[in-house]
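K.L.:
First, the structure itself, so that you have it in front of you.
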Amino acid sequence: MNRRSALLLLACAGPLAGCASTGLRTEGFDDAARGPYTLASGDRLRIIVFGQDNLSNIYAVDGSGRIVMPLIEAVPVAGRTTTQAARAIEDRLRGGFLREPRVTVEIEAYRPFFILGEVTNSGQFPFVNGMTVQTAVAIAGGFTARAARTSAEITRTAGDGIVTASVPITYPVRPGDTIVIKERWF
């Protein structure tokens with residue numbers, strides 16, 4: 001191999017090195033997925049107040065992170081687990097309405113996830129338990145011809161902030177996540 005060919009090879013290989021996957025980083029991002037599920041806008045809750053059929057119903061978490069129930073009006077539930085939400089509702093009901101309220105809160109429907117980029121139908125879709133990026137792509141109609149099929153970018157709310165990470169296609173999705181399928185170069 002002459003010197004000119006070697007330089008040409010290096011000039012071509014340099015930009016391609018950026019295409020090689022050296023492993024996707026998800027540390028810090030995984031911490032947001034390990035914690036218990038917390039409620040947010042878009043979740044629909046089945047709230048059962050034992051012995052009070054007129055209060056038991058399905059309630060939606062509104063844009064401000066609250067549910068509105070008869071008698072006790074707005075109860076903030078965003079950022080709380082279902083158990084914490086049940087205790088907050090019991091405390092409100094105990095304040096002059098019921099002696100010993102017993103409340104159960106279940107998730108009727110999770111908030112939707114969003115998928116953008118190189119998929120057939122980008123947009124908002126209902127969340128399904130056990131979902132991965134790959135199943136989210138399938139729900140969105142599959143990859144386009146130019147899609148990068150081995151990784152995706154997920155943006156999710158974690159604590160008080162928003163985090164974004166590049167993840168493998170088999171990575172779990174959570175309710176409210178935004179998935180971006182990038183375009184491949186070759």
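For the structure tokens, the naming scheme is as follows: chains receive sequential letters (A, B, ...) according to their order of presentation, residues are indexed from 1 within each chain, and ligands are indexed from 1 in presentation order.
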What's around Ile48 in chain A at 12 Å? Count only C-alpha atoms, leave out sequence neighbours fewer than 5 positions away in its own chain, and write the answer as a PyMOL selection string.
P.N.:
chain A and resi 53-59+69+82+85-86+89-90+101-108
K.L.:
For the residues selected in the previous step, produce a file with N, CA, C and O atoms as a compact mmCIF listing (two decimals), in the first residue's frame.
P.N.:
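See part-v2.txt below for the written result:
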# COMPACT_ATOMS: atom_id res chain seq x y z
N ASP A 53 -70.34 4.82 47.21
CA ASP A 53 -70.44 4.59 45.76
C ASP A 53 -70.54 5.89 44.97
O ASP A 53 -70.10 5.94 43.82
N ASN A 54 -71.11 6.92 45.55
CA ASN A 54 -71.25 8.19 44.83
C ASN A 54 -69.91 8.92 44.66
O ASN A 54 -69.80 9.80 43.82
N LEU A 55 -68.89 8.58 45.43
CA LEU A 55 -67.56 9.18 45.29
C LEU A 55 -66.63 8.31 44.44
O LEU A 55 -65.65 8.80 43.90
N SER A 56 -66.92 7.02 44.37
CA SER A 56 -66.08 6.09 43.60
C SER A 56 -66.34 6.29 42.12
O SER A 56 -67.48 6.27 41.67
N ASN A 57 -65.24 6.53 41.36
CA ASN A 57 -65.39 6.81 39.94
C ASN A 57 -64.02 6.81 39.29
O ASN A 57 -63.00 6.59 39.95
N ILE A 58 -64.00 7.12 37.99
CA ILE A 58 -62.74 7.29 37.27
C ILE A 58 -62.50 8.78 37.11
O ILE A 58 -63.38 9.53 36.67
N TYR A 59 -61.30 9.21 37.47
CA TYR A 59 -60.93 10.62 37.44
C TYR A 59 -59.65 10.78 36.63
O TYR A 59 -58.74 9.97 36.73
N MET A 69 -62.68 15.89 42.73
CA MET A 69 -63.70 14.96 43.23
C MET A 69 -64.82 15.75 43.91
O MET A 69 -64.58 16.86 44.41
N THR A 82 -49.61 5.90 43.65
CA THR A 82 -51.05 5.68 43.87
C THR A 82 -51.36 5.58 45.37
O THR A 82 -52.40 6.06 45.82
N ALA A 85 -51.38 9.08 46.77
CA ALA A 85 -52.59 9.77 46.33
C ALA A 85 -53.79 9.33 47.15
O ALA A 85 -54.62 10.15 47.56
N ALA A 86 -53.88 8.02 47.43
CA ALA A 86 -54.98 7.50 48.25
C ALA A 86 -54.96 8.13 49.64
O ALA A 86 -56.02 8.52 50.17
N ILE A 89 -56.24 11.74 49.49
CA ILE A 89 -57.70 11.78 49.36
C ILE A 89 -58.35 11.45 50.69
O ILE A 89 -59.33 12.10 51.10
N GLU A 90 -57.85 10.44 51.39
CA GLU A 90 -58.38 10.09 52.72
C GLU A 90 -58.29 11.27 53.67
O GLU A 90 -59.24 11.55 54.42
N PRO A 101 -62.37 7.23 56.33
CA PRO A 101 -62.43 6.85 54.92
C PRO A 101 -61.34 5.85 54.56
O PRO A 101 -60.23 5.91 55.10
N ARG A 102 -61.70 4.92 53.70
CA ARG A 102 -60.71 3.97 53.13
C ARG A 102 -60.77 4.15 51.62
O ARG A 102 -61.82 3.98 51.01
N VAL A 103 -59.63 4.48 51.05
CA VAL A 103 -59.56 4.81 49.62
C VAL A 103 -58.52 3.94 48.94
O VAL A 103 -57.44 3.69 49.49
N THR A 104 -58.86 3.48 47.75
CA THR A 104 -57.92 2.77 46.89
C THR A 104 -57.82 3.53 45.58
O THR A 104 -58.82 3.96 45.03
N VAL A 105 -56.58 3.70 45.11
CA VAL A 105 -56.35 4.37 43.82
C VAL A 105 -55.63 3.39 42.91
O VAL A 105 -54.60 2.84 43.27
N GLU A 106 -56.22 3.17 41.73
CA GLU A 106 -55.62 2.29 40.71
C GLU A 106 -55.49 3.09 39.43
O GLU A 106 -56.27 4.00 39.18
N ILE A 107 -54.54 2.71 38.61
CA ILE A 107 -54.37 3.38 37.32
C ILE A 107 -55.27 2.70 36.31
O ILE A 107 -55.12 1.52 36.03
N GLU A 108 -56.22 3.44 35.80
CA GLU A 108 -57.15 2.95 34.77
C GLU A 108 -56.45 2.97 33.42
O GLU A 108 -56.55 2.02 32.65
K.L.:
For Thr150 in chain A, work out the shell of residues within 9 Å, counting only C-alpha atoms and skipping chain neighbours fewer than 5 positions away, then give it as an NGL selection string.
P.N.:
:A and (167-170)
K.L.:
Produce a file of the selected residues containing all heavy atoms, as a PDB file, in the first residue's frame.
P.N.:
ATOM      1  N   VAL A 167     -30.576   5.147  23.692  1.00  0.00           N
ATOM      2  CA  VAL A 167     -30.812   3.822  24.270  1.00  0.00           C
ATOM      3  C   VAL A 167     -30.904   2.771  23.172  1.00  0.00           C
ATOM      4  O   VAL A 167     -31.223   3.095  22.025  1.00  0.00           O
ATOM      5  CB  VAL A 167     -32.101   3.812  25.121  1.00  0.00           C
ATOM      6  CG1 VAL A 167     -32.001   4.793  26.281  1.00  0.00           C
ATOM      7  CG2 VAL A 167     -33.316   4.118  24.271  1.00  0.00           C
ATOM      8  N   PRO A 168     -30.672   1.501  23.521  1.00  0.00           N
ATOM      9  CA  PRO A 168     -30.868   0.439  22.535  1.00  0.00           C
ATOM     10  C   PRO A 168     -32.351   0.261  22.221  1.00  0.00           C
ATOM     11  O   PRO A 168     -33.221   0.674  22.984  1.00  0.00           O
ATOM     12  CB  PRO A 168     -30.292  -0.804  23.213  1.00  0.00           C
ATOM     13  CG  PRO A 168     -30.251  -0.482  24.663  1.00  0.00           C
ATOM     14  CD  PRO A 168     -30.160   0.997  24.789  1.00  0.00           C
ATOM     15  N   ILE A 169     -32.626  -0.371  21.116  1.00  0.00           N
ATOM     16  CA  ILE A 169     -34.001  -0.546  20.636  1.00  0.00           C
ATOM     17  C   ILE A 169     -34.833  -1.426  21.571  1.00  0.00           C
ATOM     18  O   ILE A 169     -36.055  -1.369  21.556  1.00  0.00           O
ATOM     19  CB  ILE A 169     -33.983  -1.088  19.184  1.00  0.00           C
ATOM     20  CG1 ILE A 169     -35.285  -0.769  18.467  1.00  0.00           C
ATOM     21  CG2 ILE A 169     -33.677  -2.548  19.141  1.00  0.00           C
ATOM     22  CD1 ILE A 169     -35.402   0.630  18.029  1.00  0.00           C
ATOM     23  N   THR A 170     -34.188  -2.196  22.438  1.00  0.00           N
ATOM     24  CA  THR A 170     -34.897  -3.075  23.364  1.00  0.00           C
ATOM     25  C   THR A 170     -35.116  -2.426  24.724  1.00  0.00           C
ATOM     26  O   THR A 170     -35.585  -3.079  25.650  1.00  0.00           O
ATOM     27  CB  THR A 170     -34.105  -4.384  23.555  1.00  0.00           C
ATOM     28  OG1 THR A 170     -32.782  -4.052  24.001  1.00  0.00           O
ATOM     29  CG2 THR A 170     -34.042  -5.181  22.262  1.00  0.00           C
TER      30      THR A 170
END
K.L.:
Among the residues of range 21-132 of chain A, find those DSSP assigns to strand (DSSP E or B) from the backbone and print them as a PyMOL selection string.
P.N.:
chain A and resi 44-49+57-60+66-69+73-76+103-109+113-117+119+123-125+132
K.L.:
Using only C-alpha atoms, determine which residues lie at most 8 Å from range 112-114 of chain A, disregarding the query and same-chain residues fewer than 5 positions distant; provide the list as a list in words.
P.N.:
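Those residues are Gly42, Ser122, Gly123, Gln124, Phe125, Pro126, Phe127, Arg174, Pro175, Gly176, Asp177, Thr178 and Ile179 of chain A.
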K.L.:
Please identify the alpha helix (DSSP H) residues within range 77-176 of chain A (assignment by DSSP from backbone atoms) and present them as a ChimeraX atom specification.
P.N.:
/A:82-94,133-139
K.L.:
Please save all heavy atoms of the selected residues as a compact mmCIF listing (two decimals), in the first residue's frame.
P.N.:
# COMPACT_ATOMS: atom_id res chain seq x y z
N THR A 82 -49.61 5.90 43.65
CA THR A 82 -51.05 5.68 43.87
C THR A 82 -51.36 5.58 45.37
O THR A 82 -52.40 6.06 45.82
CB THR A 82 -51.53 4.41 43.15
OG1 THR A 82 -50.71 3.30 43.53
CG2 THR A 82 -51.47 4.58 41.64
N THR A 83 -50.47 4.99 46.14
CA THR A 83 -50.67 4.89 47.60
C THR A 83 -50.66 6.27 48.24
O THR A 83 -51.50 6.58 49.09
CB THR A 83 -49.57 4.01 48.23
OG1 THR A 83 -49.60 2.73 47.59
CG2 THR A 83 -49.78 3.83 49.72
N GLN A 84 -49.72 7.12 47.84
CA GLN A 84 -49.66 8.48 48.38
C GLN A 84 -50.89 9.29 47.98
O GLN A 84 -51.41 10.06 48.79
CB GLN A 84 -48.39 9.18 47.89
CG GLN A 84 -47.12 8.59 48.46
CD GLN A 84 -45.88 9.10 47.74
OE1 GLN A 84 -45.94 9.52 46.59
NE2 GLN A 84 -44.74 9.04 48.42
N ALA A 85 -51.38 9.08 46.77
CA ALA A 85 -52.59 9.77 46.33
C ALA A 85 -53.79 9.33 47.15
O ALA A 85 -54.62 10.15 47.56
CB ALA A 85 -52.83 9.52 44.84
N ALA A 86 -53.88 8.02 47.43
CA ALA A 86 -54.98 7.50 48.25
C ALA A 86 -54.96 8.13 49.64
O ALA A 86 -56.02 8.52 50.17
CB ALA A 86 -54.90 5.98 48.35
N ARG A 87 -53.78 8.27 50.24
CA ARG A 87 -53.67 8.88 51.58
C ARG A 87 -54.09 10.35 51.54
O ARG A 87 -54.74 10.85 52.46
CB ARG A 87 -52.25 8.76 52.13
CG ARG A 87 -51.74 7.37 52.38
CD ARG A 87 -52.64 6.50 53.25
NE ARG A 87 -52.58 5.12 52.86
CZ ARG A 87 -53.52 4.44 52.18
NH1 ARG A 87 -54.63 5.01 51.84
NH2 ARG A 87 -53.38 3.17 51.87
N ALA A 88 -53.71 11.07 50.48
CA ALA A 88 -54.08 12.48 50.35
C ALA A 88 -55.60 12.63 50.24
O ALA A 88 -56.19 13.53 50.85
CB ALA A 88 -53.39 13.10 49.15
N ILE A 89 -56.24 11.74 49.49
CA ILE A 89 -57.70 11.78 49.36
C ILE A 89 -58.35 11.45 50.69
O ILE A 89 -59.33 12.10 51.10
CB ILE A 89 -58.16 10.82 48.24
CG1 ILE A 89 -57.64 11.33 46.88
CG2 ILE A 89 -59.67 10.68 48.22
CD1 ILE A 89 -57.74 10.32 45.76
N GLU A 90 -57.85 10.44 51.39
CA GLU A 90 -58.38 10.09 52.72
C GLU A 90 -58.29 11.27 53.67
O GLU A 90 -59.24 11.55 54.42
CB GLU A 90 -57.61 8.90 53.30
CG GLU A 90 -57.97 7.58 52.70
CD GLU A 90 -57.13 6.42 53.23
OE1 GLU A 90 -56.19 6.65 54.03
OE2 GLU A 90 -57.43 5.28 52.85
N ASP A 91 -57.15 11.97 53.67
CA ASP A 91 -56.98 13.14 54.55
C ASP A 91 -58.01 14.21 54.25
O ASP A 91 -58.58 14.81 55.17
CB ASP A 91 -55.57 13.71 54.40
CG ASP A 91 -54.50 12.81 55.00
OD1 ASP A 91 -54.85 11.89 55.78
OD2 ASP A 91 -53.32 13.00 54.66
N ARG A 92 -58.27 14.45 52.97
CA ARG A 92 -59.27 15.45 52.59
C ARG A 92 -60.67 15.03 53.02
O ARG A 92 -61.45 15.82 53.51
CB ARG A 92 -59.27 15.68 51.09
CG ARG A 92 -58.10 16.46 50.58
CD ARG A 92 -58.32 17.97 50.81
NE ARG A 92 -57.28 18.74 50.23
CZ ARG A 92 -57.30 19.27 49.02
NH1 ARG A 92 -58.36 19.13 48.27
NH2 ARG A 92 -56.30 19.97 48.59
N LEU A 93 -61.00 13.74 52.81
CA LEU A 93 -62.33 13.24 53.18
C LEU A 93 -62.51 13.25 54.69
O LEU A 93 -63.62 13.46 55.19
CB LEU A 93 -62.55 11.84 52.62
CG LEU A 93 -62.75 11.74 51.11
CD1 LEU A 93 -62.70 10.29 50.66
CD2 LEU A 93 -64.06 12.39 50.72
N ARG A 94 -61.45 13.00 55.42
CA ARG A 94 -61.50 12.98 56.89
C ARG A 94 -61.77 14.38 57.44
O ARG A 94 -62.32 14.52 58.53
CB ARG A 94 -60.17 12.45 57.43
CG ARG A 94 -60.24 12.00 58.87
CD ARG A 94 -58.94 11.35 59.33
NE ARG A 94 -58.79 10.03 58.72
CZ ARG A 94 -57.82 9.71 57.85
NH1 ARG A 94 -56.91 10.60 57.52
NH2 ARG A 94 -57.75 8.52 57.34
N VAL A 133 -38.84 0.23 23.14
CA VAL A 133 -38.77 1.12 21.98
C VAL A 133 -39.24 0.37 20.74
O VAL A 133 -39.97 0.90 19.91
CB VAL A 133 -37.34 1.66 21.80
CG1 VAL A 133 -37.21 2.43 20.49
CG2 VAL A 133 -36.94 2.53 22.98
N GLN A 134 -38.85 -0.89 20.64
CA GLN A 134 -39.21 -1.70 19.46
C GLN A 134 -40.72 -1.86 19.33
O GLN A 134 -41.28 -1.72 18.24
CB GLN A 134 -38.53 -3.06 19.58
CG GLN A 134 -38.54 -3.86 18.32
CD GLN A 134 -37.62 -5.07 18.46
OE1 GLN A 134 -37.41 -5.59 19.55
NE2 GLN A 134 -37.09 -5.50 17.34
N THR A 135 -41.41 -2.13 20.44
CA THR A 135 -42.87 -2.27 20.37
C THR A 135 -43.53 -0.91 20.11
O THR A 135 -44.56 -0.85 19.44
CB THR A 135 -43.46 -2.93 21.63
OG1 THR A 135 -43.03 -2.20 22.78
CG2 THR A 135 -43.03 -4.38 21.75
N ALA A 136 -42.93 0.16 20.62
CA ALA A 136 -43.46 1.50 20.33
C ALA A 136 -43.37 1.81 18.84
O ALA A 136 -44.30 2.37 18.26
CB ALA A 136 -42.70 2.55 21.14
N VAL A 137 -42.27 1.40 18.22
CA VAL A 137 -42.12 1.60 16.78
C VAL A 137 -43.18 0.79 16.03
O VAL A 137 -43.79 1.27 15.07
CB VAL A 137 -40.70 1.22 16.31
CG1 VAL A 137 -40.61 1.15 14.80
CG2 VAL A 137 -39.68 2.21 16.86
N ALA A 138 -43.42 -0.43 16.48
CA ALA A 138 -44.45 -1.27 15.84
C ALA A 138 -45.83 -0.61 15.95
O ALA A 138 -46.59 -0.61 14.99
CB ALA A 138 -44.46 -2.66 16.48
N ILE A 139 -46.15 -0.04 17.10
CA ILE A 139 -47.42 0.65 17.28
C ILE A 139 -47.53 1.84 16.34
O ILE A 139 -48.60 2.16 15.83
CB ILE A 139 -47.60 1.07 18.76
CG1 ILE A 139 -47.82 -0.17 19.63
CG2 ILE A 139 -48.74 2.07 18.93
CD1 ILE A 139 -47.76 0.10 21.12
K.L.:
Taking into account only C-alpha atoms, which residue in the set A:Asp43, A:Glu183, A:Glu100, A:Asp160 is nearest to Ala147 in chain A?
P.N.:
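The shortest atom-to-atom distance to Ala147 in chain A comes from A:Glu183.
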